[in-house]
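J.: Hey, dropping model08.tsv in here, TSV, C-alpha atoms:
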```tsv
chain	number	residue	atom	x	y	z
A	1	MET	CA	114.44	114.88	42.37
A	2	HIS	CA	112.00	111.96	42.30
A	3	LEU	CA	109.30	111.18	39.75
A	4	THR	CA	106.68	108.45	40.13
A	5	VAL	CA	104.12	107.51	37.49
A	6	LEU	CA	101.24	105.17	38.45
A	7	ASN	CA	99.02	103.32	35.98
A	8	ALA	CA	96.21	101.92	38.15
A	9	SER	CA	92.51	101.27	38.26
A	10	GLY	CA	90.28	100.78	41.25
A	11	GLN	CA	86.81	99.93	42.47
A	12	GLU	CA	84.66	100.62	45.50
A	13	THR	CA	85.36	98.60	48.63
A	14	GLN	CA	83.00	95.67	48.86
A	15	PRO	CA	80.54	95.62	51.76
A	16	GLY	CA	81.95	93.98	54.88
A	17	THR	CA	85.58	94.80	54.01
A	18	GLN	CA	87.78	97.58	55.34
A	19	ARG	CA	89.77	99.89	53.12
A	20	PRO	CA	93.36	100.01	54.45
A	21	ALA	CA	94.33	103.49	55.60
A	22	SER	CA	97.46	105.22	54.44
A	23	PRO	CA	100.04	105.68	57.21
A	24	GLU	CA	100.18	109.40	56.41
A	25	THR	CA	96.43	109.92	56.67
A	26	GLU	CA	95.34	107.37	59.24
A	27	THR	CA	93.54	108.94	62.19
A	28	PRO	CA	95.58	108.33	65.35
A	29	ARG	CA	94.03	105.98	67.88
A	30	PRO	CA	94.97	105.64	71.52
A	31	SER	CA	97.45	102.85	72.07
A	32	GLN	CA	95.70	99.81	73.51
A	33	PRO	CA	97.04	96.40	74.51
A	34	GLU	CA	96.05	93.58	72.20
A	35	GLN	CA	92.92	91.92	73.58
A	36	SER	CA	93.39	88.20	74.12
A	37	PRO	CA	90.32	85.97	74.06
A	38	LEU	CA	91.67	84.31	77.20
A	39	PRO	CA	91.46	85.77	80.70
A	40	VAL	CA	94.73	87.18	81.97
A	41	LEU	CA	95.80	84.34	84.26
A	42	PRO	CA	99.47	84.31	85.24
A	43	SER	CA	99.18	81.10	87.21
A	44	TYR	CA	96.49	78.82	85.86
A	45	PRO	CA	97.28	75.09	85.69
A	46	VAL	CA	100.15	74.01	83.45
A	47	GLU	CA	97.87	71.24	82.15
A	48	LEU	CA	95.97	73.99	80.28
A	49	PHE	CA	99.05	75.66	78.78
A	50	GLY	CA	97.96	74.27	75.43
A	51	LEU	CA	95.48	77.17	75.26
A	52	LEU	CA	98.43	79.53	74.77
A	53	ALA	CA	99.85	77.62	71.82
A	54	PRO	CA	98.77	78.27	68.20
A	55	PRO	CA	95.62	76.29	67.33
A	56	VAL	CA	95.96	73.19	65.20
A	57	ALA	CA	92.95	74.16	63.03
A	58	PRO	CA	90.24	76.84	62.81
A	59	LEU	CA	88.00	74.42	64.74
A	60	ALA	CA	89.56	71.71	66.86
A	61	LEU	CA	88.78	69.60	69.90
A	62	VAL	CA	91.70	68.23	71.92
A	63	PRO	CA	91.01	65.54	74.56
A	64	ALA	CA	94.08	64.76	76.63
A	65	LEU	CA	95.29	62.89	79.70
A	66	ALA	CA	98.08	64.15	81.96
A	67	VAL	CA	100.03	62.20	84.60
A	68	SER	CA	102.16	64.24	87.01
A	69	GLU	CA	104.26	63.98	90.14
A	70	GLU	CA	104.35	66.85	92.63
A	71	TRP	CA	106.32	67.56	95.78
A	72	ASN	CA	104.58	69.87	98.26
A	73	SER	CA	106.60	71.12	101.22
A	74	ASN	CA	103.57	72.21	103.27
A	75	VAL	CA	100.42	70.39	102.20
A	76	ASN	CA	98.11	72.08	104.72
A	77	PHE	CA	99.81	75.49	104.46
A	78	ASP	CA	100.37	75.62	108.22
A	79	ASN	CA	103.76	76.62	109.62
A	80	THR	CA	102.86	75.34	113.09
A	81	ASN	CA	102.78	71.78	111.76
A	82	PRO	CA	104.26	71.61	108.23
A	83	GLN	CA	103.80	68.30	106.46
A	84	SER	CA	105.45	67.53	103.13
A	85	ASP	CA	104.31	64.85	100.70
A	86	PHE	CA	104.71	63.47	97.19
A	87	ILE	CA	101.47	63.64	95.21
A	88	THR	CA	100.67	61.67	92.07
A	89	GLY	CA	98.07	63.33	89.88
A	90	VAL	CA	95.97	62.01	86.99
A	91	THR	CA	94.28	64.80	85.03
A	92	PRO	CA	91.82	64.36	82.15
A	93	VAL	CA	91.80	67.54	80.02
A	94	LEU	CA	89.52	68.75	77.25
A	95	MET	CA	90.37	71.83	75.15
A	96	LEU	CA	88.39	73.56	72.39
A	97	PHE	CA	89.75	75.98	69.78
A	98	VAL	CA	87.48	77.99	67.48
A	99	HIS	CA	88.97	80.65	65.18
A	100	ARG	CA	86.71	82.36	62.67
A	101	PRO	CA	87.00	85.73	60.89
A	102	ARG	CA	84.45	87.36	63.23
A	103	TYR	CA	84.78	85.36	66.44
A	104	ASN	CA	87.25	83.38	68.52
A	105	LEU	CA	86.64	80.92	71.33
A	106	LEU	CA	89.15	79.14	73.55
A	107	ALA	CA	88.05	76.81	76.34
A	108	GLY	CA	89.68	74.29	78.61
A	109	VAL	CA	88.53	72.06	81.47
A	110	SER	CA	90.59	69.82	83.72
A	111	SER	CA	89.96	67.66	86.79
A	112	THR	CA	92.71	66.06	88.87
A	113	ALA	CA	92.65	62.93	91.00
A	114	GLU	CA	95.43	62.94	93.63
A	115	LEU	CA	97.20	60.09	95.39
A	116	TYR	CA	99.37	60.98	98.43
A	117	ALA	CA	102.47	58.91	99.19
A	118	LYS	CA	102.49	59.52	102.98
A	119	ASN	CA	99.02	60.61	104.05
A	120	SER	CA	96.59	58.42	102.15
A	121	SER	CA	93.62	59.95	104.01
A	122	GLN	CA	93.92	62.96	101.68
A	123	ASN	CA	93.53	60.89	98.51
A	124	ASN	CA	90.75	62.37	96.42
A	125	ILE	CA	89.43	61.50	92.98
A	126	PHE	CA	88.20	65.10	92.54
A	127	ALA	CA	90.98	66.97	94.35
A	128	ARG	CA	91.32	69.90	91.93
A	129	SER	CA	89.33	71.27	89.02
A	130	ALA	CA	89.76	74.20	86.66
A	131	VAL	CA	87.71	75.68	83.82
A	132	ILE	CA	88.87	78.51	81.55
A	133	LEU	CA	86.66	80.10	78.90
A	134	GLY	CA	87.39	83.12	76.72
A	135	GLY	CA	85.82	84.47	73.58
A	136	THR	CA	85.56	87.56	71.36
A	137	TYR	CA	83.00	88.52	68.73
A	138	THR	CA	83.39	91.34	66.21
A	139	ALA	CA	79.90	92.80	66.07
A	140	SER	CA	80.95	95.53	63.63
A	141	GLN	CA	84.06	97.22	62.33
A	142	ASN	CA	84.36	99.25	65.55
A	143	VAL	CA	82.58	97.15	68.18
A	144	THR	CA	83.99	93.99	69.77
A	145	LEU	CA	82.23	91.90	72.40
A	146	ARG	CA	84.11	89.63	74.76
A	147	LEU	CA	83.34	87.10	77.47
A	148	SER	CA	85.48	85.24	79.99
A	149	ASP	CA	84.79	82.80	82.78
A	150	THR	CA	87.22	81.08	85.14
A	151	PHE	CA	86.40	78.39	87.67
A	152	GLY	CA	88.73	76.81	90.20
A	153	PHE	CA	88.38	74.28	93.00
A	154	ASP	CA	91.54	73.66	94.99
A	155	ARG	CA	93.13	73.64	98.41
A	156	GLY	CA	95.21	76.76	98.88
A	157	ALA	CA	95.68	80.00	97.03
A	158	ASN	CA	94.80	80.87	93.45
A	159	PRO	CA	91.69	78.77	92.83
A	160	GLY	CA	90.78	79.86	89.32
A	161	GLY	CA	93.89	82.05	89.26
A	162	TRP	CA	92.37	85.06	91.02
A	163	GLN	CA	92.92	84.60	94.77
A	164	SER	CA	96.07	86.04	96.30
A	165	PHE	CA	95.52	84.78	99.87
A	166	THR	CA	94.72	81.39	101.34
A	167	THR	CA	93.34	80.08	104.61
A	168	GLY	CA	94.62	76.60	103.78
A	169	GLN	CA	91.08	75.29	103.23
A	170	LEU	CA	89.28	73.93	100.17
A	171	ALA	CA	88.22	76.89	98.07
A	172	LEU	CA	85.80	77.31	95.18
A	173	ASN	CA	86.09	80.40	92.99
A	174	ASN	CA	84.20	81.44	89.87
A	175	ARG	CA	84.65	84.74	88.03
A	176	PHE	CA	82.34	85.67	85.14
A	177	SER	CA	83.07	88.81	83.11
A	178	PRO	CA	81.41	90.11	79.89
A	179	GLY	CA	82.74	93.22	78.17
A	180	LEU	CA	82.48	95.54	75.19
A	181	THR	CA	85.05	97.67	73.35
A	182	TRP	CA	84.00	100.49	71.01
A	183	LEU	CA	86.63	102.06	68.76
A	184	MET	CA	86.06	105.68	67.70
A	185	PRO	CA	88.20	107.91	65.45
A	186	GLN	CA	90.28	109.25	68.36
A	187	ALA	CA	89.04	107.32	71.36
A	188	THR	CA	88.33	103.88	72.76
A	189	LEU	CA	85.39	103.24	75.08
A	190	ASP	CA	85.40	100.05	77.12
A	191	PHE	CA	82.73	98.57	79.41
A	192	SER	CA	83.00	95.43	81.55
A	193	ALA	CA	81.02	93.76	84.31
A	194	THR	CA	82.13	91.15	86.84
A	195	TYR	CA	80.41	88.64	89.07
A	196	GLU	CA	82.67	86.58	91.33
A	197	ILE	CA	81.89	84.06	94.04
A	198	ASN	CA	84.17	82.60	96.73
A	199	ARG	CA	83.05	79.55	98.67
A	200	PHE	CA	84.91	77.53	101.31
A	201	PRO	CA	82.99	74.28	101.92
A	202	GLY	CA	83.57	72.68	105.28
A	203	SER	CA	85.45	75.65	106.76
A	204	ASP	CA	84.33	77.60	109.83
A	205	ASP	CA	87.14	80.19	109.68
A	206	SER	CA	86.90	81.26	106.02
A	207	VAL	CA	84.35	83.84	104.84
A	208	ASP	CA	82.17	83.22	101.77
A	209	SER	CA	81.68	86.27	99.55
A	210	ASP	CA	80.04	87.58	96.37
A	211	THR	CA	81.51	90.43	94.33
A	212	TYR	CA	79.54	92.50	91.82
A	213	GLY	CA	81.57	94.94	89.73
A	214	PHE	CA	81.23	97.37	86.83
A	215	ARG	CA	83.96	99.34	85.07
A	216	SER	CA	83.89	101.93	82.28
A	217	ASN	CA	87.02	103.33	80.65
A	218	LEU	CA	87.49	106.11	78.10
A	219	ASN	CA	90.91	106.48	76.48
A	220	TYR	CA	91.17	109.58	74.27
A	221	SER	CA	94.13	109.98	71.91
A	222	PHE	CA	95.57	113.52	71.90
A	223	THR	CA	98.51	112.38	69.75
A	224	PRO	CA	99.38	109.04	68.14
A	225	ARG	CA	101.40	108.23	71.29
A	226	PHE	CA	99.75	110.14	74.13
A	227	GLY	CA	96.26	109.50	75.45
A	228	GLY	CA	94.15	110.56	78.40
A	229	ILE	CA	92.22	108.08	80.57
A	230	LEU	CA	88.90	108.57	82.39
A	231	GLU	CA	87.65	105.60	84.38
A	232	TYR	CA	84.84	104.79	86.77
A	233	ALA	CA	84.53	101.55	88.74
A	234	PHE	CA	81.81	100.34	91.08
A	235	THR	CA	82.21	97.34	93.40
A	236	PHE	CA	79.66	95.80	95.74
A	237	LEU	CA	80.90	93.19	98.23
A	238	ARG	CA	78.47	90.85	99.97
A	239	LEU	CA	80.12	88.99	102.86
A	240	GLN	CA	78.61	86.10	104.77
A	241	GLY	CA	78.32	87.09	108.42
A	242	GLY	CA	80.03	90.42	107.71
A	243	ASP	CA	79.29	93.99	106.69
A	244	ASP	CA	78.44	94.54	103.00
A	245	SER	CA	80.13	97.45	101.25
A	246	ALA	CA	79.69	99.58	98.12
A	247	THR	CA	82.68	101.36	96.53
A	248	HIS	CA	82.77	104.11	93.88
A	249	ALA	CA	86.20	104.73	92.32
A	250	PRO	CA	86.51	107.53	89.72
A	251	THR	CA	90.07	107.86	88.39
A	252	VAL	CA	91.99	109.89	85.79
A	253	GLY	CA	95.30	109.16	84.11
A	254	PHE	CA	97.19	108.88	80.85
A	255	SER	CA	98.83	106.36	78.55
A	256	TYR	CA	102.02	106.87	76.55
A	257	GLN	CA	103.54	104.66	73.89
A	258	LEU	CA	107.26	104.92	74.63
A	259	THR	CA	108.19	102.75	71.65
A	260	LYS	CA	106.26	100.72	69.10
A	261	SER	CA	106.13	97.81	71.54
A	262	LEU	CA	106.42	99.53	74.95
A	263	ILE	CA	103.31	101.11	76.54
A	264	PHE	CA	103.05	102.93	79.87
A	265	ARG	CA	99.77	103.64	81.70
A	266	VAL	CA	98.95	105.28	85.00
A	267	ASN	CA	95.68	106.35	86.62
A	268	GLY	CA	94.59	107.28	90.12
A	269	GLY	CA	91.83	108.74	92.26
A	270	PRO	CA	89.79	108.13	95.42
A	271	ALA	CA	87.93	104.96	96.35
A	272	ILE	CA	84.82	106.02	98.26
A	273	THR	CA	83.42	103.11	100.28
A	274	GLN	CA	80.25	102.96	102.36
A	275	ILE	CA	79.98	100.36	105.15
A	276	ARG	CA	76.94	100.42	107.48
A	277	GLY	CA	76.36	104.12	106.88
A	278	GLU	CA	80.01	105.09	107.36
A	279	THR	CA	82.14	106.48	104.53
A	280	PHE	CA	85.80	105.57	104.04
A	281	ILE	CA	88.14	107.12	101.47
A	282	SER	CA	91.25	105.29	100.29
A	283	PRO	CA	93.57	105.54	97.25
A	284	ALA	CA	92.69	103.70	94.03
A	285	GLY	CA	94.36	103.31	90.66
A	286	GLY	CA	97.32	101.60	89.09
A	287	VAL	CA	100.50	101.72	87.03
A	288	ASN	CA	101.11	99.40	84.08
A	289	LEU	CA	104.12	98.91	81.82
A	290	THR	CA	103.80	96.41	78.95
A	291	GLN	CA	106.60	95.34	76.61
A	292	GLN	CA	105.84	93.17	73.58
A	293	TRP	CA	108.48	91.15	71.78
A	294	GLN	CA	108.27	88.57	69.03
A	295	ILE	CA	109.16	85.91	71.59
A	296	GLY	CA	106.55	87.01	74.16
A	297	SER	CA	105.57	89.80	76.53
A	298	LEU	CA	106.53	91.32	79.88
A	299	THR	CA	104.02	93.12	82.12
A	300	LEU	CA	104.86	95.13	85.22
A	301	GLN	CA	101.90	96.44	87.19
A	302	TYR	CA	100.76	97.93	90.46
A	303	ASP	CA	97.09	98.13	91.42
A	304	ARG	CA	95.27	99.43	94.47
A	305	GLY	CA	91.58	99.25	95.25
A	306	VAL	CA	88.88	97.84	97.51
A	307	SER	CA	88.19	94.10	97.41
A	308	THR	CA	87.74	91.06	99.62
A	309	ALA	CA	90.82	89.17	100.81
A	310	GLY	CA	89.81	85.67	99.70
A	311	GLY	CA	88.84	83.46	102.63
A	312	PHE	CA	89.83	86.17	105.13
A	313	GLY	CA	86.82	88.19	103.96
A	314	GLY	CA	86.35	91.83	104.84
A	315	SER	CA	86.23	94.98	102.71
A	316	THR	CA	89.95	95.66	102.43
A	317	ASP	CA	92.38	98.16	100.98
A	318	HIS	CA	94.17	95.75	98.64
A	319	GLN	CA	97.54	96.51	97.02
A	320	THR	CA	99.08	94.30	94.33
A	321	ALA	CA	102.47	94.53	92.61
A	322	ALA	CA	103.24	91.93	89.94
A	323	ALA	CA	105.61	91.04	87.12
A	324	THR	CA	104.63	88.48	84.49
A	325	PHE	CA	106.68	87.19	81.57
A	326	LEU	CA	104.90	85.03	79.02
A	327	ALA	CA	106.75	83.39	76.13
A	328	ALA	CA	104.37	81.65	73.76
A	329	THR	CA	106.41	82.01	70.55
A	330	TRP	CA	110.04	82.07	71.75
A	331	ILE	CA	110.74	78.52	70.68
A	332	ARG	CA	108.36	76.62	68.46
A	333	ASP	CA	106.04	74.33	70.42
A	334	LEU	CA	107.27	75.78	73.74
A	335	VAL	CA	105.16	77.85	76.15
A	336	ALA	CA	106.73	79.36	79.27
A	337	ARG	CA	105.45	81.59	82.07
A	338	LEU	CA	107.36	83.37	84.85
A	339	ASN	CA	105.61	85.51	87.47
A	340	PHE	CA	106.25	87.33	90.75
A	341	SER	CA	103.67	89.06	92.94
A	342	TYR	CA	103.24	90.95	96.21
A	343	ASP	CA	99.83	91.43	97.83
A	344	LYS	CA	98.75	93.22	100.99
A	345	ALA	CA	95.20	93.59	102.32
A	346	VAL	CA	94.12	95.60	105.38
A	347	SER	CA	90.56	96.18	106.65
A	348	LEU	CA	89.14	99.58	105.73
A	349	ASN	CA	87.17	99.78	108.96
A	350	SER	CA	89.49	99.10	111.89
A	351	GLY	CA	86.51	99.23	114.25
A	352	GLN	CA	84.45	96.48	112.63
A	353	THR	CA	83.89	93.56	114.98
A	354	THR	CA	82.98	90.85	112.48
A	355	GLN	CA	86.30	90.25	110.71
A	356	GLN	CA	89.62	92.09	110.95
A	357	VAL	CA	92.02	91.52	108.03
A	358	ASP	CA	95.76	92.18	107.94
A	359	VAL	CA	97.55	89.80	105.58
A	360	THR	CA	100.60	89.96	103.28
A	361	SER	CA	101.52	87.45	100.58
A	362	TYR	CA	104.58	86.93	98.38
A	363	ALA	CA	104.53	84.53	95.43
A	364	ALA	CA	106.81	83.39	92.62
A	365	GLY	CA	106.17	80.82	89.95
A	366	PHE	CA	107.52	79.25	86.79
A	367	GLY	CA	105.74	76.97	84.35
A	368	VAL	CA	106.69	75.47	81.01
A	369	ALA	CA	105.16	73.07	78.50
A	370	TYR	CA	106.81	71.62	75.38
A	371	LEU	CA	104.96	69.83	72.59
A	372	PHE	CA	107.15	67.01	71.22
A	373	SER	CA	104.50	66.01	68.70
A	374	PRO	CA	100.81	66.73	68.09
A	375	TYR	CA	100.11	63.94	70.59
A	376	VAL	CA	102.76	64.16	73.35
A	377	SER	CA	103.89	67.06	75.54
A	378	VAL	CA	105.81	67.42	78.78
A	379	PHE	CA	105.23	70.09	81.39
A	380	GLY	CA	106.69	71.26	84.66
A	381	GLY	CA	106.44	74.05	87.16
A	382	TYR	CA	107.62	75.49	90.44
A	383	ASP	CA	105.59	77.72	92.77
A	384	TYR	CA	106.58	79.38	96.04
A	385	ARG	CA	104.25	81.22	98.41
A	386	ARG	CA	104.90	83.02	101.68
A	387	GLN	CA	102.01	84.46	103.70
A	388	ARG	CA	101.98	86.38	106.98
A	389	THR	CA	99.05	87.72	109.01
A	390	GLY	CA	99.30	90.69	111.38
A	391	PRO	CA	98.59	90.48	115.12
A	392	SER	CA	95.24	92.28	114.71
A	393	ALA	CA	93.90	89.79	112.14
A	394	THR	CA	90.88	87.75	113.24
A	395	THR	CA	92.05	84.69	111.27
A	396	GLN	CA	95.72	83.76	111.69
A	397	VAL	CA	97.19	81.71	108.82
A	398	ASP	CA	100.96	81.89	108.29
A	399	GLY	CA	102.58	79.58	105.79
A	400	ASP	CA	105.54	78.93	103.51
A	401	GLN	CA	105.04	76.51	100.66
A	402	HIS	CA	107.15	75.10	97.82
A	403	ARG	CA	105.48	73.11	95.05
A	404	VAL	CA	107.41	71.33	92.26
A	405	LYS	CA	105.57	69.48	89.52
A	406	ILE	CA	106.59	67.52	86.42
A	407	GLY	CA	104.39	65.51	84.11
A	408	VAL	CA	103.56	64.21	80.66
A	409	GLN	CA	100.40	64.82	78.68
A	410	LEU	CA	98.97	62.67	75.89
A	411	GLY	CA	96.47	64.35	73.59
A	412	TYR	CA	94.78	63.73	70.28
A	413	PRO	CA	93.80	66.85	68.26
A	414	ILE	CA	90.57	66.38	66.35
A	415	PRO	CA	90.31	69.07	63.64
A	416	PHE	CA	87.01	69.90	61.95
A	417	ASN	CA	86.81	71.39	58.48
```
I'd like the structure from this file rewritten - as structure tokens, please.

T.:
Amino acid sequence: MHLTVLNASGQETQPGTQRPASPETETPRPSQPEQSPLPVLPSYPVELFGLLAPPVAPLALVPALAVSEEWNSNVNFDNTNPQSDFITGVTPVLMLFVHRPRYNLLAGVSSTAELYAKNSSQNNIFARSAVILGGTYTASQNVTLRLSDTFGFDRGANPGGWQSFTTGQLALNNRFSPGLTWLMPQATLDFSATYEINRFPGSDDSVDSDTYGFRSNLNYSFTPRFGGILEYAFTFLRLQGGDDSATHAPTVGFSYQLTKSLIFRVNGGPAITQIRGETFISPAGGVNLTQQWQIGSLTLQYDRGVSTAGGFGGSTDHQTAAATFLAATWIRDLVARLNFSYDKAVSLNSGQTTQQVDVTSYAAGFGVAYLFSPYVSVFGGYDYRRQRTGPSATTQVDGDQHRVKIGVQLGYPIPFN
């Protein structure tokens, strides 16, 4: 037998505050991954790893300067004539942290000047640039707005962290994405839009493209652990010198919280694409498994849909399988990232004469940054990429590339009260 006697008094909840719900009476919500104000970028520059570390103050500006040394086994990403080189990089960096009760903002910008040990003709004061912006705003108790933008200018794959394939040419990529999440008693409704541009200045083989996208997602919680997913995505691809395409992808699926920190999601359906009056149907959807630990997180995912294949262009059936481990709190002042990925893109319309695409890419990478003091950090990374194009591909670019980088970064946090 158990007897409890409470002597308590109470008052009404003040406006703008939320009364905590009892675990026994709380309405179940569908399990959702924690929304980060930063874009999900498994391979953005290690010089911006400071964005993953805890902020030094609610409002802080961090100017920094990084000096690095890199070895690249195949500078031009061309297996017919591979050329290795040692590259010295000088990278000014500026990071901004804003953390308030209703909004968060994280931003970082970097620009790298490169000096080549062997081939001095490739020296460039503006060789690489990257911009990362992410923010969230709590409009009400149940509505959260978010915004992200990534910009990259680089030679090779992953400018801005989004491209899976490379033609070995200078590439400019910018991806802008606003979104909204609405929490309801037993459901979550999410909307997002995307505008992405790919430009390849000075290249005659690469295809410039614009991508316009919209996605809506409804996750309804049948039980505290099990939820159903209804999703609709629309993608419009505008290709320079190629055939534009419009894709509608309605999918259904479910999510299940296996444990408190392990979430499984799967959804699938048809991708209906129209190209010059012809209709093509291909599979669309994905599988996602996310494990959260106190030291970090592990994400395993597979996605399939219609997109452009970077500089290869074309409206392609694109498959991606990836594993990403991110440790931002494993060891104090240490941030580490480990990722593997497989990508394959094949033209939807095998009869199109403008640009045939058949390309496969494998990638693996590791990056780490350690903050010795508020002013000094060291960083390093290794990236490997292997790409093969099929015999039917209009543009043939096969390459194997190893990149090893180490460096030191000096920064001065400027907190604002």

J.: Could you tell me how far CA of Asn72 (chain A) sits from CA of Phe86 (chain A), in Å to one decimal place?

T.: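 Going from CA of Phe86 (chain A) over to CA of Asn72 (chain A) covers 6.5 Å.
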
J.: Neighbours of Asp383 (chain A) within 9 Å (only C-alpha atoms; same-chain residues fewer than 5 positions away dropped), as a ChimeraX atom specification?

T.: /A:363-367,401-405

J.: Go ahead and write the selection's residues with C-alpha atoms as a PDB file, in the frame of the given file.

T.:
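In the end it all went to out-v9.pdb:
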```pdb
ATOM      1  CA  ALA A 363     104.530  84.530  95.430  1.00  0.00           C
ATOM      2  CA  ALA A 364     106.810  83.390  92.620  1.00  0.00           C
ATOM      3  CA  GLY A 365     106.170  80.820  89.950  1.00  0.00           C
ATOM      4  CA  PHE A 366     107.520  79.250  86.790  1.00  0.00           C
ATOM      5  CA  GLY A 367     105.740  76.970  84.350  1.00  0.00           C
ATOM      6  CA  GLN A 401     105.040  76.510 100.660  1.00  0.00           C
ATOM      7  CA  HIS A 402     107.150  75.100  97.820  1.00  0.00           C
ATOM      8  CA  ARG A 403     105.480  73.110  95.050  1.00  0.00           C
ATOM      9  CA  VAL A 404     107.410  71.330  92.260  1.00  0.00           C
ATOM     10  CA  LYS A 405     105.570  69.480  89.520  1.00  0.00           C
TER      11      LYS A 405
END
```

J.: So which one's closest to Ser192 (chain A), A:Lys118, A:Lys344, A:His99, A:Arg146? Using all atoms listed in the file, please.

T.: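 Checking each candidate against Ser192 (chain A), we get A:Arg146 as the closest.
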
J.: Would you please work out which residue, of A:Asn104, A:Ser361, A:Ser209, A:Asn124, is nearest to Leu145 (chain A) when using all atoms listed in the file?

T.: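 Using all atoms listed in the file, Leu145 (chain A) sits closest to A:Asn104.
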
J.: Pick from A:Ser315, A:Val98, A:Arg304, A:Glu47: nearest to Asn417 (chain A), with all atoms listed in the file counted?

T.: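 Among the listed residues, A:Val98 lies closest to Asn417 (chain A).
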
J.: In Å, with one decimal, what is the gap from CA of Phe165 (chain A) to CA of Gly253 (chain A)?

T.: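 Taking CA of Phe165 (chain A) and CA of Gly253 (chain A), their separation equals 29.0 Å.
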
J.: Would you mind telling me which residue in A:Gly168, A:Val109, A:Leu61, A:Leu183 lies nearest to Val46 (chain A) when using all atoms listed in the file?

T.: A:Val109

J.: Counting only C-alpha atoms, which of A:Phe312, A:Phe379, A:Tyr362, A:Phe214 gets nearest to Arg337 (chain A)?

T.: A:Phe379

J.: Which of these, A:Phe340, A:Trp182, A:Phe372, A:Phe222, has the shortest distance to Tyr384 (chain A) once you count all atoms listed in the file?

T.: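 Among the listed residues, the smallest separation from Tyr384 (chain A) belongs to A:Phe340.
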
J.: Need the shell around Asn74 (chain A): protein/DNA/RNA residues with any atom at most 12 Å away, counting all atoms listed in the file. Skip same-chain ones fewer than 2 positions apart. Format as a PyMOL selection string?

T.: chain A and resi 70-72+76-87+155-156+168+384-386+398-404

J.: Once you have the residues from the selection above, write them out as a PDB file, in the frame of the given file, restricted to C-alpha atoms.

T.:
```pdb
ATOM      1  CA  GLU A  70     104.350  66.850  92.630  1.00  0.00           C
ATOM      2  CA  TRP A  71     106.320  67.560  95.780  1.00  0.00           C
ATOM      3  CA  ASN A  72     104.580  69.870  98.260  1.00  0.00           C
ATOM      4  CA  ASN A  76      98.110  72.080 104.720  1.00  0.00           C
ATOM      5  CA  PHE A  77      99.810  75.490 104.460  1.00  0.00           C
ATOM      6  CA  ASP A  78     100.370  75.620 108.220  1.00  0.00           C
ATOM      7  CA  ASN A  79     103.760  76.620 109.620  1.00  0.00           C
ATOM      8  CA  THR A  80     102.860  75.340 113.090  1.00  0.00           C
ATOM      9  CA  ASN A  81     102.780  71.780 111.760  1.00  0.00           C
ATOM     10  CA  PRO A  82     104.260  71.610 108.230  1.00  0.00           C
ATOM     11  CA  GLN A  83     103.800  68.300 106.460  1.00  0.00           C
ATOM     12  CA  SER A  84     105.450  67.530 103.130  1.00  0.00           C
ATOM     13  CA  ASP A  85     104.310  64.850 100.700  1.00  0.00           C
ATOM     14  CA  PHE A  86     104.710  63.470  97.190  1.00  0.00           C
ATOM     15  CA  ILE A  87     101.470  63.640  95.210  1.00  0.00           C
ATOM     16  CA  ARG A 155      93.130  73.640  98.410  1.00  0.00           C
ATOM     17  CA  GLY A 156      95.210  76.760  98.880  1.00  0.00           C
ATOM     18  CA  GLY A 168      94.620  76.600 103.780  1.00  0.00           C
ATOM     19  CA  TYR A 384     106.580  79.380  96.040  1.00  0.00           C
ATOM     20  CA  ARG A 385     104.250  81.220  98.410  1.00  0.00           C
ATOM     21  CA  ARG A 386     104.900  83.020 101.680  1.00  0.00           C
ATOM     22  CA  ASP A 398     100.960  81.890 108.290  1.00  0.00           C
ATOM     23  CA  GLY A 399     102.580  79.580 105.790  1.00  0.00           C
ATOM     24  CA  ASP A 400     105.540  78.930 103.510  1.00  0.00           C
ATOM     25  CA  GLN A 401     105.040  76.510 100.660  1.00  0.00           C
ATOM     26  CA  HIS A 402     107.150  75.100  97.820  1.00  0.00           C
ATOM     27  CA  ARG A 403     105.480  73.110  95.050  1.00  0.00           C
ATOM     28  CA  VAL A 404     107.410  71.330  92.260  1.00  0.00           C
TER      29      VAL A 404
END
```
